[in-house]
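Printed here is my_file.tsv (TSV, C-alpha atoms):
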chain	number	residue	atom	x	y	z
R	3	ASN	CA	0.00	0.00	0.00
R	4	TYR	CA	1.17	3.54	-0.59
R	5	LEU	CA	-0.13	7.11	-0.94
R	6	ASN	CA	-0.02	8.76	-4.36
R	7	LYS	CA	0.54	12.46	-4.88
R	8	ASN	CA	-3.18	13.18	-4.24
R	9	LYS	CA	-2.92	11.28	-0.96
R	10	LYS	CA	-5.34	8.60	-2.10
R	11	ILE	CA	-4.80	5.13	-0.66
R	12	LEU	CA	-3.90	2.86	-3.54
R	13	ILE	CA	-2.89	-0.76	-3.89
R	14	LYS	CA	-0.35	-1.62	-6.55
R	15	THR	CA	0.47	-5.25	-7.27
R	16	ASN	CA	0.92	-7.71	-10.08
R	17	ASP	CA	0.10	-10.90	-8.21
R	18	GLU	CA	-3.14	-12.85	-7.85
R	19	ILE	CA	-4.87	-10.06	-5.87
R	20	SER	CA	-4.56	-7.53	-8.70
R	21	GLU	CA	-8.33	-7.67	-9.34
R	22	LEU	CA	-9.00	-6.91	-5.68
R	23	ALA	CA	-6.54	-4.00	-5.88
R	24	TYR	CA	-8.31	-2.61	-8.94
R	25	ASN	CA	-11.73	-2.81	-7.22
R	26	PHE	CA	-10.35	-1.13	-4.09
R	27	ASN	CA	-8.93	1.75	-6.13
R	28	TYR	CA	-12.25	2.11	-8.00
R	29	MET	CA	-14.21	2.10	-4.73
R	30	THR	CA	-11.94	4.75	-3.21
R	31	GLU	CA	-12.56	7.14	-6.08
R	32	ASN	CA	-16.34	6.51	-5.99
R	33	VAL	CA	-16.54	7.16	-2.26
R	34	GLU	CA	-14.73	10.46	-2.71
R	35	SER	CA	-17.14	11.43	-5.50
R	36	LEU	CA	-20.13	10.41	-3.40
R	37	ILE	CA	-18.96	12.48	-0.43
R	38	LYS	CA	-18.47	15.49	-2.70
R	39	ASN	CA	-22.00	15.08	-4.17
R	40	LEU	CA	-23.52	14.77	-0.70
R	41	SER	CA	-21.68	17.89	0.39
R	42	ASN	CA	-22.99	19.79	-2.65
R	43	GLN	CA	-26.54	18.59	-2.01
R	44	LYS	CA	-26.32	19.63	1.63
R	45	GLU	CA	-25.14	23.10	0.60
R	46	GLU	CA	-27.96	23.37	-1.97
R	47	LEU	CA	-30.50	22.33	0.66
R	48	ARG	CA	-29.10	24.90	3.10
R	49	GLN	CA	-29.39	27.65	0.47
R	50	ILE	CA	-32.95	26.64	-0.41
R	51	ILE	CA	-34.04	26.64	3.24
R	52	SER	CA	-32.35	30.01	3.80
R	53	SER	CA	-34.05	31.58	0.78
R	54	VAL	CA	-37.61	30.55	1.70
R	55	ASN	CA	-39.61	33.46	3.12
R	56	ALA	CA	-40.95	31.43	6.05
R	57	GLY	CA	-39.62	29.99	9.29
R	58	ILE	CA	-38.40	26.42	8.70
R	59	VAL	CA	-37.20	23.92	11.28
R	60	VAL	CA	-36.42	20.22	10.91
R	61	CYS	CA	-36.54	18.03	14.02
R	62	TYR	CA	-35.69	14.45	14.85
R	63	LYS	CA	-38.61	12.31	15.96
R	64	ASN	CA	-37.68	13.06	19.59
R	65	LEU	CA	-38.13	16.76	18.65
R	66	SER	CA	-34.50	17.80	19.09
R	67	ILE	CA	-33.68	20.37	16.40
R	68	LEU	CA	-31.62	19.22	13.43
R	69	ILE	CA	-31.65	22.25	11.13
R	70	TYR	CA	-33.41	25.62	10.88
R	71	ASN	CA	-33.27	28.85	8.91
R	72	LYS	CA	-32.74	32.50	9.87
R	73	ILE	CA	-36.44	33.37	9.89
R	74	PHE	CA	-37.21	30.67	12.44
R	75	GLU	CA	-34.21	31.82	14.47
R	76	LYS	CA	-35.65	35.35	14.43
R	77	MET	CA	-38.97	34.03	15.76
R	78	ILE	CA	-37.12	32.53	18.73
R	79	LYS	CA	-34.78	35.50	19.25
R	80	GLU	CA	-37.73	37.68	20.19
R	81	ASN	CA	-37.52	35.88	23.54
R	82	TYR	CA	-33.80	35.08	23.48
R	83	LEU	CA	-32.06	38.19	22.17
R	84	GLU	CA	-28.49	36.98	22.77
R	85	LEU	CA	-28.60	33.69	20.86
R	86	GLU	CA	-25.32	32.55	19.36
R	87	ASN	CA	-24.92	30.76	16.04
R	88	GLU	CA	-26.09	27.14	16.15
R	89	TYR	CA	-27.50	27.75	19.64
R	90	LEU	CA	-30.78	26.03	18.76
R	91	LYS	CA	-29.22	22.91	17.26
R	92	ASN	CA	-30.01	19.76	19.27
R	93	LYS	CA	-32.26	21.75	21.60
R	94	ASN	CA	-35.72	20.32	22.29
R	95	PHE	CA	-38.31	22.14	20.18
R	96	PHE	CA	-40.95	22.23	22.92
R	97	GLU	CA	-38.41	23.55	25.39
R	98	ILE	CA	-37.51	26.59	23.30
R	99	MET	CA	-41.19	27.29	22.55
R	100	LYS	CA	-42.44	26.93	26.13
R	101	ASP	CA	-42.49	30.68	26.83
R	102	LYS	CA	-44.52	31.48	23.72
R	103	LYS	CA	-48.28	32.00	23.92
R	104	GLY	CA	-50.24	29.62	21.71
R	105	ASN	CA	-47.90	26.77	22.60
R	106	ILE	CA	-50.67	24.27	23.51
R	107	GLU	CA	-52.25	24.28	20.04
R	108	LEU	CA	-48.79	23.94	18.48
R	109	ILE	CA	-48.02	20.91	20.66
R	110	ASN	CA	-51.30	19.26	19.65
R	111	ILE	CA	-50.58	19.68	15.92
R	112	ILE	CA	-47.06	18.25	16.24
R	113	ASN	CA	-48.17	15.30	18.36
R	114	ASP	CA	-50.93	14.51	15.86
R	115	THR	CA	-48.40	14.51	12.99
R	116	LEU	CA	-46.01	12.25	14.91
R	117	LYS	CA	-48.85	9.87	15.71
R	118	THR	CA	-50.60	9.67	12.33
R	119	LYS	CA	-47.61	10.36	10.02
R	120	LYS	CA	-49.97	12.64	8.06
R	121	ASN	CA	-49.23	16.23	7.12
R	122	ASN	CA	-51.11	19.00	8.97
R	123	THR	CA	-51.74	22.58	7.86
R	124	LYS	CA	-53.45	24.99	10.22
R	125	GLU	CA	-53.73	28.67	11.06
R	126	ILE	CA	-52.34	29.31	14.53
R	127	ILE	CA	-51.52	32.33	16.70
R	128	ILE	CA	-48.17	32.46	18.52
R	129	ASP	CA	-47.21	35.53	20.55
R	130	LYS	CA	-49.97	37.62	18.89
R	131	LYS	CA	-48.69	36.74	15.42
R	132	THR	CA	-50.72	34.67	12.98
R	133	TYR	CA	-49.05	31.86	11.05
R	134	ILE	CA	-50.04	29.26	8.51
R	135	LEU	CA	-48.24	26.27	10.01
R	136	THR	CA	-47.48	23.15	8.00
R	137	VAL	CA	-46.11	20.14	9.85
R	138	ALA	CA	-44.91	17.29	7.62
R	139	SER	CA	-43.57	13.88	8.52
R	140	ILE	CA	-40.53	12.50	6.66
R	141	LEU	CA	-41.42	8.83	6.30
R	142	SER	CA	-37.89	7.62	5.54
R	143	ASN	CA	-36.44	8.64	8.92
R	144	GLU	CA	-39.51	9.78	10.97
R	145	ASN	CA	-38.13	13.33	11.26
R	146	ILE	CA	-40.60	16.20	10.96
R	147	VAL	CA	-40.47	19.50	9.08
R	148	MET	CA	-42.31	22.61	10.30
R	149	ILE	CA	-42.93	25.66	8.13
R	150	PHE	CA	-44.21	28.89	9.74
R	151	HIS	CA	-45.59	31.35	7.17
R	152	ASP	CA	-46.31	34.73	8.81
R	153	ILE	CA	-49.68	36.12	7.64
R	154	THR	CA	-50.12	38.65	10.47
R	155	ASP	CA	-50.22	41.71	8.20
R	156	LEU	CA	-52.61	40.00	5.80
R	157	LYS	CA	-54.98	39.10	8.63
R	158	LYS	CA	-54.87	42.67	9.96
R	159	SER	CA	-55.74	43.96	6.49
R	160	GLU	CA	-58.68	41.53	6.24
R	161	ILE	CA	-59.98	42.55	9.65
R	162	ILE	CA	-59.77	46.26	8.79
R	163	LYS	CA	-61.57	45.66	5.49
R	164	LYS	CA	-64.37	43.63	7.09
R	165	GLU	CA	-64.82	46.13	9.91
R	166	PHE	CA	-64.97	48.96	7.37
R	167	VAL	CA	-67.68	47.22	5.37
R	168	GLN	CA	-69.70	46.47	8.50
R	169	ASN	CA	-69.39	49.99	9.92
R	170	VAL	CA	-70.14	51.81	6.66
R	171	THR	CA	-73.13	49.66	5.77
R	172	HIS	CA	-74.71	49.96	9.20
R	173	GLU	CA	-74.15	53.73	9.27
R	174	LEU	CA	-75.68	54.24	5.80
R	175	LYS	CA	-78.64	51.91	6.00
R	176	THR	CA	-80.70	53.88	8.55
R	177	PRO	CA	-80.52	57.34	6.89
R	178	LEU	CA	-81.14	55.87	3.45
R	179	THR	CA	-84.25	54.12	4.71
R	180	SER	CA	-85.48	57.41	6.22
R	181	ILE	CA	-84.82	59.31	2.99
R	182	LYS	CA	-86.75	56.74	1.05
R	183	ALA	CA	-89.74	57.05	3.42
R	184	PHE	CA	-89.80	60.85	3.11
R	185	LEU	CA	-89.57	60.70	-0.68
R	186	GLU	CA	-92.53	58.34	-0.78
R	187	THR	CA	-94.47	60.92	1.23
R	188	MET	CA	-93.40	63.73	-1.12
R	189	GLU	CA	-94.57	61.76	-4.12
R	190	ASP	CA	-98.18	62.35	-3.10
R	191	GLU	CA	-97.65	66.10	-2.60
R	192	LYS	CA	-96.80	67.57	-6.00
R	193	GLU	CA	-97.48	66.00	-9.34
R	194	TYR	CA	-94.54	67.64	-11.18
R	195	ASN	CA	-92.02	66.19	-8.73
R	196	LYS	CA	-92.91	62.58	-9.50
R	197	LYS	CA	-90.42	62.13	-12.32
R	198	TYR	CA	-87.46	63.33	-10.24
R	199	ILE	CA	-88.60	61.52	-7.13
R	200	SER	CA	-88.81	58.31	-9.16
R	201	ILE	CA	-85.20	58.71	-10.28
R	202	ILE	CA	-84.07	59.38	-6.70
R	203	GLN	CA	-86.00	56.36	-5.44
R	204	ASN	CA	-84.42	54.09	-8.04
R	205	ASN	CA	-80.95	55.19	-7.00
R	206	ILE	CA	-81.73	54.79	-3.31
R	207	ASP	CA	-83.14	51.33	-4.00
R	208	ARG	CA	-79.88	50.49	-5.72
R	209	MET	CA	-77.83	51.75	-2.74
R	210	VAL	CA	-80.00	49.83	-0.27
R	211	ASN	CA	-79.57	46.69	-2.36
R	212	ILE	CA	-75.80	47.13	-2.34
R	213	ILE	CA	-75.80	47.61	1.42
R	214	ASN	CA	-77.99	44.57	2.01
R	215	ASP	CA	-75.72	42.49	-0.24
R	216	LEU	CA	-72.62	43.77	1.58
R	217	LEU	CA	-74.17	42.88	4.94
R	218	THR	CA	-74.96	39.38	3.66
R	219	LEU	CA	-71.40	38.92	2.39
R	220	SER	CA	-69.96	40.25	5.63
R	221	GLU	CA	-72.16	37.85	7.61
R	222	ILE	CA	-70.98	34.91	5.51
R	223	GLU	CA	-67.28	35.83	5.56
R	224	ASN	CA	-67.30	36.34	9.32
R	225	HIS	CA	-68.86	32.88	9.70
R	226	LYS	CA	-71.89	34.42	11.39
R	227	MET	CA	-74.42	33.07	8.91
R	228	LYS	CA	-76.18	30.02	10.31
R	229	LEU	CA	-78.11	27.78	7.95
R	230	ASP	CA	-81.69	26.97	8.94
R	231	ILE	CA	-81.75	23.38	7.71
R	232	GLU	CA	-85.03	21.80	6.66
R	233	LYS	CA	-86.29	19.22	4.17
R	234	ILE	CA	-86.85	20.95	0.82
R	235	ASN	CA	-88.77	19.85	-2.26
R	236	ILE	CA	-86.47	21.37	-4.89
R	237	LYS	CA	-89.06	21.06	-7.68
R	238	GLU	CA	-91.73	22.81	-5.63
R	239	MET	CA	-89.30	25.58	-4.66
R	240	LEU	CA	-88.25	26.19	-8.27
R	241	ASP	CA	-91.90	26.10	-9.45
R	242	ASN	CA	-92.64	28.98	-7.07
R	243	ILE	CA	-89.59	30.93	-8.26
R	244	ILE	CA	-90.55	30.43	-11.91
R	245	GLU	CA	-94.01	31.76	-11.13
R	246	LEU	CA	-92.41	34.95	-9.73
R	247	PHE	CA	-90.56	35.56	-13.01
R	248	GLU	CA	-93.19	34.44	-15.56
R	249	LYS	CA	-94.55	37.94	-16.13
R	250	LYS	CA	-91.09	39.46	-16.49
R	251	ALA	CA	-90.00	36.71	-18.90
R	252	SER	CA	-93.16	36.84	-21.04
R	253	GLY	CA	-92.76	40.61	-21.29
R	254	LYS	CA	-89.52	39.98	-23.19
R	255	ASN	CA	-90.98	37.01	-25.14
R	256	ILE	CA	-88.70	34.62	-23.28
R	257	PHE	CA	-89.94	31.05	-22.90
R	258	LEU	CA	-89.33	29.92	-19.30
R	259	LYS	CA	-89.69	26.25	-18.36
R	260	MET	CA	-88.35	23.44	-16.18
R	261	LYS	CA	-87.23	19.95	-17.27
R	262	LEU	CA	-87.06	17.10	-14.80
R	263	GLU	CA	-84.81	14.06	-15.00
R	264	ILE	CA	-85.71	12.99	-11.49
R	265	ASP	CA	-88.56	11.15	-9.79
R	266	GLU	CA	-90.85	12.60	-7.13
R	267	VAL	CA	-89.02	10.78	-4.33
R	268	GLY	CA	-85.63	12.14	-5.40
R	269	VAL	CA	-86.54	15.84	-5.41
R	270	PHE	CA	-85.87	16.27	-1.70
R	271	LEU	CA	-82.72	17.62	-0.09
R	272	ASN	CA	-81.72	19.15	3.24
R	273	GLY	CA	-80.80	22.82	3.16
R	274	ASP	CA	-81.67	26.40	4.05
R	275	LYS	CA	-84.73	27.14	1.92
R	276	PHE	CA	-84.48	30.94	2.17
R	277	ARG	CA	-80.79	30.98	1.20
R	278	LEU	CA	-81.22	28.53	-1.68
R	279	GLU	CA	-84.13	30.64	-2.96
R	280	GLN	CA	-81.67	33.58	-2.97
R	281	VAL	CA	-79.32	31.54	-5.16
R	282	PHE	CA	-81.88	30.58	-7.80
R	283	ILE	CA	-83.69	33.93	-7.78
R	284	ASN	CA	-80.39	35.74	-8.38
R	285	ILE	CA	-79.30	33.48	-11.24
R	286	LEU	CA	-82.74	33.46	-12.88
R	287	ASP	CA	-83.06	37.24	-12.55
R	288	ASN	CA	-79.67	37.68	-14.26
R	289	ALA	CA	-80.65	35.22	-16.99
R	290	ILE	CA	-83.78	37.24	-17.81
R	291	LYS	CA	-81.92	40.57	-17.61
R	292	TYR	CA	-79.25	39.48	-20.05
R	293	THR	CA	-81.47	37.55	-22.48
R	294	GLU	CA	-83.33	39.47	-25.18
R	295	LYS	CA	-85.03	36.52	-26.87
R	296	GLY	CA	-85.23	32.75	-26.84
R	297	GLU	CA	-85.64	30.61	-23.75
R	298	ILE	CA	-84.43	29.87	-20.24
R	299	ILE	CA	-84.57	26.23	-19.18
R	300	ILE	CA	-84.03	24.88	-15.67
R	301	TYR	CA	-82.83	21.28	-15.60
R	302	ILE	CA	-83.11	19.16	-12.45
R	303	GLU	CA	-81.09	15.95	-12.59
R	304	ASN	CA	-80.65	13.11	-10.15
R	305	GLU	CA	-77.24	11.82	-9.06
R	306	LYS	CA	-76.34	9.51	-6.21
R	307	ASN	CA	-76.32	11.63	-3.02
R	308	TYR	CA	-76.61	14.86	-5.09
R	309	ILE	CA	-79.14	16.98	-6.96
R	310	ASN	CA	-77.91	18.90	-10.00
R	311	VAL	CA	-79.70	22.09	-11.05
R	312	SER	CA	-78.66	23.83	-14.29
R	313	ILE	CA	-80.06	27.13	-15.54
R	314	LYS	CA	-79.45	27.56	-19.26
R	315	ASP	CA	-80.26	30.75	-21.17
R	316	THR	CA	-79.92	32.01	-24.74
R	317	GLY	CA	-78.61	35.41	-23.69
R	318	PHE	CA	-75.65	37.56	-24.67
R	319	GLY	CA	-73.07	35.16	-23.23
R	320	ILE	CA	-69.88	35.90	-21.34
R	321	LEU	CA	-66.37	36.18	-22.77
R	322	GLU	CA	-64.05	33.40	-21.63
R	323	GLU	CA	-61.65	35.91	-20.06
R	324	HIS	CA	-64.36	36.90	-17.56
R	325	LEU	CA	-65.53	33.42	-16.52
R	326	ASP	CA	-62.94	32.95	-13.77
R	327	ARG	CA	-63.86	36.26	-12.13
R	328	ILE	CA	-67.65	36.59	-12.30
R	329	PHE	CA	-68.05	35.30	-8.73
R	330	GLU	CA	-65.79	38.03	-7.33
R	331	ARG	CA	-67.46	40.84	-5.39
R	332	PHE	CA	-68.20	43.97	-7.47
R	333	TYR	CA	-66.93	42.30	-10.65
R	334	VAL	CA	-69.18	43.30	-13.54
R	335	VAL	CA	-68.71	41.91	-17.05
R	336	ASP	CA	-70.57	44.66	-18.93
R	337	LYS	CA	-70.57	47.82	-16.79
R	338	SER	CA	-72.76	49.88	-19.09
R	339	ARG	CA	-75.46	47.21	-19.33
R	340	SER	CA	-75.22	46.41	-15.62
R	341	LYS	CA	-75.66	50.08	-14.72
R	342	LYS	CA	-78.69	50.29	-16.98
R	343	LEU	CA	-80.24	47.15	-15.52
R	344	GLY	CA	-79.35	47.91	-11.91
R	345	GLY	CA	-76.83	45.20	-11.08
R	346	THR	CA	-74.72	45.59	-7.93
R	347	GLY	CA	-71.89	43.20	-8.85
R	348	LEU	CA	-72.40	41.35	-5.54
R	349	GLY	CA	-75.15	38.88	-6.37
R	350	LEU	CA	-73.02	36.10	-7.86
R	351	SER	CA	-70.49	36.40	-5.04
R	352	ILE	CA	-73.31	35.78	-2.56
R	353	VAL	CA	-74.57	32.90	-4.70
R	354	LYS	CA	-71.18	31.19	-4.61
R	355	HIS	CA	-70.82	31.62	-0.84
R	356	ILE	CA	-74.29	30.17	-0.15
R	357	VAL	CA	-73.60	27.17	-2.39
R	358	LEU	CA	-70.28	26.57	-0.62
R	359	LEU	CA	-72.03	26.82	2.77
R	360	HIS	CA	-74.24	23.96	1.54
R	361	LYS	CA	-71.08	21.98	0.64
R	362	GLY	CA	-72.00	22.24	-3.02
R	363	THR	CA	-70.30	23.47	-6.19
R	364	ILE	CA	-71.20	25.99	-8.87
R	365	LYS	CA	-69.76	26.23	-12.39
R	366	VAL	CA	-70.51	28.38	-15.40
R	367	GLU	CA	-70.12	27.76	-19.13
R	368	SER	CA	-70.81	30.45	-21.69
R	369	LYS	CA	-70.40	31.38	-25.32
R	370	ILE	CA	-70.90	34.82	-26.82
R	371	GLY	CA	-74.15	35.03	-28.82
R	372	VAL	CA	-75.24	31.56	-27.69
R	373	GLY	CA	-75.87	31.89	-23.95
R	374	SER	CA	-74.75	30.76	-20.52
R	375	THR	CA	-75.32	27.76	-18.26
R	376	PHE	CA	-74.96	27.90	-14.48
R	377	ALA	CA	-74.60	24.39	-13.04
R	378	ILE	CA	-75.15	23.87	-9.30
R	379	LYS	CA	-74.47	20.59	-7.52
R	380	LEU	CA	-75.97	20.21	-4.05
R	381	PRO	CA	-75.67	17.27	-1.62
R	382	ARG	CA	-78.96	15.80	-0.46
R	383	SER	CA	-77.73	15.82	3.13
R	384	LEU	CA	-75.29	18.11	4.98
R	385	LEU	CA	-74.47	15.44	7.58
This structure in structure tokens:
Amino acid sequence: NYLNKNKKILIKTNDEISELAYNFNYMTENVESLIKNLSNQKEELRQIISSVNAGIVVCYKNLSILIYNKIFEKMIKENYLELENEYLKNKNFFEIMKDKKGNIELINIINDTLKTKKNNTKEIIIDKKTYILTVASILSNENIVMIFHDITDLKKSEIIKKEFVQNVTHELKTPLTSIKAFLETMEDEKEYNKKYISIIQNNIDRMVNIINDLLTLSEIENHKMKLDIEKINIKEMLDNIIELFEKKASGKNIFLKMKLEIDEVGVFLNGDKFRLEQVFINILDNAIKYTEKGEIIIYIENEKNYINVSIKDTGFGILEEHLDRIFERFYVVDKSRSKKLGGTGLGLSIVKHIVLLHKGTIKVESKIGVGSTFAIKLPRSLL
């Protein structure tokens, strides 16, 4: 045996163990290459972890810390201002988090991940800061990875926005209602004022509708809306809604009808009748507004554990570029037509939220000059 100029251990011989010597030399070079590759991969992993804009920590299954990035270190340093480099390594994760408020919920999430080996993602509050926490189990070695994404500023912005909507709508609703009442009184006073009063009333009605829609959205988004669940005959409910719109549809020579692909037994589902009426009234009202001629057909179809309701019109249609956004609040496809017809831009957003509250789905398909189809899928039971 001897060392060559690169200080590699080599075996040089010409006897019967020459093949062994060759294999040893080959193995030595491969091991060196493998170590170099592992070192490069470790450095790449370190750089990736450092560049992620979230706190990351990797722990052994006994929860001693293996590796972490600067953002996680900063989270801890708020309590330990004089931490040295690598101070957290091999420390117990629960030990370093013990002084932080919100620790109990964090412990529960980690223990659940260790027990089930399934990933968990949850919004948690630690020391008055809000995080989206993801805890993942590494199946190969039972280590766990925790990622803390700080959404504190985003949550504050959402709270401010929701409070603004609530405050403004409540402040405006009362005076607008009073103004409307006085205008109705004035209407009987002087004949020549009727035209102007009518215009004012229409605009106030529009503002009241916007406020009511904003209040409904705020109620839903703050999880304050409670569904009043009852057994509903979907055919009977839609028959009554069609009756409400028959005069409006016939005035535009629009043929309005319902087609059933369901038996009498299968028309029942559990849901909030008032809220589901809001959904279908809104969609049907839009269909009539944006259809100048032709027909509007409501299809009711049976599916195992679900009822499918589709409302198909022969209206103007919607450009494909708008389809992904029509359920956003205040998003209006045709502003000039919507203004003329009195749309608020909130109706479809409310529709989507109510459908989601019923654990259902809503989709729309449309083609310019052909028409649109709104397809709603509702579970028969919310249990």
How would you write as a PDB file with C-alpha atoms, in the coordinates of the input the residues that get within 8 Å of (-81.8, 12.1, -13.0) in the file's frame, counting all atoms listed in the file?
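Okay, this is what ended up in part.pdb:
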ATOM      1  CA  LEU R 262     -87.060  17.100 -14.800  1.00  0.00           C
ATOM      2  CA  GLU R 263     -84.810  14.060 -15.000  1.00  0.00           C
ATOM      3  CA  ILE R 264     -85.710  12.990 -11.490  1.00  0.00           C
ATOM      4  CA  ASP R 265     -88.560  11.150  -9.790  1.00  0.00           C
ATOM      5  CA  ILE R 302     -83.110  19.160 -12.450  1.00  0.00           C
ATOM      6  CA  GLU R 303     -81.090  15.950 -12.590  1.00  0.00           C
ATOM      7  CA  ASN R 304     -80.650  13.110 -10.150  1.00  0.00           C
ATOM      8  CA  GLU R 305     -77.240  11.820  -9.060  1.00  0.00           C
TER       9      GLU R 305
END
Mind pulling up the distance from atom CA of R:Ile111 to atom CA of R:Tyr133?
13.2 Å
With all atoms listed in the file as the counted atoms, please give the residues lying no more than 10 Å from R:Ile283, apart from itself and same-chain residues fewer than 5 positions off, as a compact mmCIF listing (two decimals) with C-alpha atoms, in the frame of the given file.
# COMPACT_ATOMS: atom_id res chain seq x y z
CA LEU R 240 -88.25 26.19 -8.27
CA ILE R 243 -89.59 30.93 -8.26
CA ILE R 244 -90.55 30.43 -11.91
CA LEU R 246 -92.41 34.95 -9.73
CA PHE R 247 -90.56 35.56 -13.01
CA ARG R 277 -80.79 30.98 1.20
CA LEU R 278 -81.22 28.53 -1.68
CA ASN R 288 -79.67 37.68 -14.26
CA ALA R 289 -80.65 35.22 -16.99
CA GLY R 349 -75.15 38.88 -6.37
CA VAL R 353 -74.57 32.90 -4.70
Find the residues around R:Asn235 up to 7 Å (only C-alpha atoms counted), leave out those fewer than 3 positions away in its own chain, and share them as number ranges by chain.
R: 238-239, 269-271
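Atom to atom, atom CA of R:Lys91 and atom CA of R:Phe74 stand 12.1 Å apart.
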Within 12 Å of stretch 377-380 of chain R, counting all atoms listed in the file, which residues qualify if same-chain residues fewer than 2 places away don't, as a ChimeraX atom specification?
/R:234,236,269-274,278,281-282,285,299-315,353-354,356-368,374-375,382-384
